[in-house]
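Contents: one structure, followed by commentary.
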Amino acid sequence: MHTQNVKTAAPESSERWGAKTTTLRMDGFITDISSSHPFDVIRADVVISRLEKQAHAGCGLHYEIYESRLIGSALDHLSRLPMKDRPVFIGTADRRGIALTWAAEEKAQNAYCELMAEIAAEQE
């Protein structure tokens with residue numbers, strides 16, 4: 001039997017051979033930037049949850065410190081993501097009540113600075 005003219009059921013994807021796709025992801029997954037393999041993915045809500053735990057670990061139970069650390073680390077993670085994954089990450093953060101904007105970061109940073117000034121004044 002010759003298989004020269006046999007057509008497969010589905011067209012081959014060029015992504016298998018390393019070609020990058022530019023279509024937006026809408027399945028809740030983003031590229032895992034901590035992985036050494038370029039095709040590894042992770043759920044965006046898991047990444048946000050990890051960032052929240054890291055921010056909580058160093059906040060000393062002050063919301064202003066927590067918010068400043070969380071927004072800063074989330075924006076840093078966002079900047080390292082490929083463009084096709086950013087809408088998913090931003091949407092997931094928004095659903096959790098985290099605004100990933102420069103204005104939100106500035107507001108959080110100002111609140112952090114005010115809190116640190118109050119703490120320093122109390123210690124004197």
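Every chain in the structure tokens has a letter given in the order shown (A, B, ...), and although residue numbers restart at 1 in each chain, ligands are simply numbered from 1 in the order shown.
Counting only C-alpha atoms, A:Tyr66 has the following residues at most 10 Å away, ignoring those fewer than 2 positions along the same chain: Glu52, Lys53, Gln54, Ala55, His56, Ala57, Gly58, Cys59, Gly60, Leu61, His62, Tyr63, Glu64, Ser68, Arg69, Leu70, Ile71, Gly72, Ala108 and Tyr112 of chain A.
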So that I can check the secondary structure, give me every residue of stretch 16-110 of chain A assigned strand (DSSP E) by backbone DSSP, as a list in words. Phe29, Ile30, Thr31, Val41, Ile42 and Arg43 of chain A
Dump of N, CA and C atoms for the selected residues, as a compact mmCIF listing (two decimals), in the first residue's frame:
# COMPACT_ATOMS: atom_id res chain seq x y z
N PHE A 29 -3.98 30.00 30.89
CA PHE A 29 -2.58 29.62 31.06
C PHE A 29 -1.68 30.69 30.47
N ILE A 30 -0.49 30.83 31.07
CA ILE A 30 0.52 31.75 30.56
C ILE A 30 1.85 31.00 30.49
N THR A 31 2.78 31.57 29.78
CA THR A 31 4.11 30.98 29.69
C THR A 31 4.76 30.99 31.07
N VAL A 41 3.84 25.91 30.44
CA VAL A 41 2.84 26.90 30.81
C VAL A 41 2.41 26.67 32.25
N ILE A 42 1.79 27.69 32.84
CA ILE A 42 1.29 27.64 34.21
C ILE A 42 0.01 28.45 34.25
N ARG A 43 -0.90 28.08 35.12
CA ARG A 43 -2.14 28.85 35.24
C ARG A 43 -1.83 30.22 35.84
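Atom to atom, atom CA of A:Leu75 and atom CA of A:Ile33 stand 13.8 Å apart.
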Extract, using only C-alpha atoms, all DNA, RNA and protein residues at most 12 Å from A:Asp94, discarding same-chain residues fewer than 3 positions from it, and format them as a PDB file with C-alpha atoms, in the first residue's frame.
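Here's the written file selection_4.pdb:
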ATOM      1  CA  ALA A  44      -2.185  32.614  35.744  1.00  0.00           C
ATOM      2  CA  ASP A  45      -4.138  32.345  39.008  1.00  0.00           C
ATOM      3  CA  ILE A  48      -0.896  35.483  41.196  1.00  0.00           C
ATOM      4  CA  ILE A  71       1.656  45.273  42.604  1.00  0.00           C
ATOM      5  CA  ALA A  74       3.020  41.496  39.524  1.00  0.00           C
ATOM      6  CA  PRO A  87      -4.136  39.854  28.617  1.00  0.00           C
ATOM      7  CA  VAL A  88      -4.719  36.593  30.493  1.00  0.00           C
ATOM      8  CA  PHE A  89      -2.442  37.679  33.348  1.00  0.00           C
ATOM      9  CA  ILE A  90      -4.035  41.136  33.571  1.00  0.00           C
ATOM     10  CA  GLY A  91      -7.536  39.641  33.482  1.00  0.00           C
ATOM     11  CA  GLY A  97      -8.954  42.812  42.690  1.00  0.00           C
ATOM     12  CA  ILE A  98      -5.418  43.728  41.651  1.00  0.00           C
ATOM     13  CA  ALA A  99      -5.137  46.657  39.248  1.00  0.00           C
ATOM     14  CA  LEU A 100      -1.974  46.295  37.176  1.00  0.00           C
ATOM     15  CA  THR A 101      -1.501  49.899  36.133  1.00  0.00           C
ATOM     16  CA  ALA A 104      -2.101  51.827  40.953  1.00  0.00           C
TER      17      ALA A 104
END
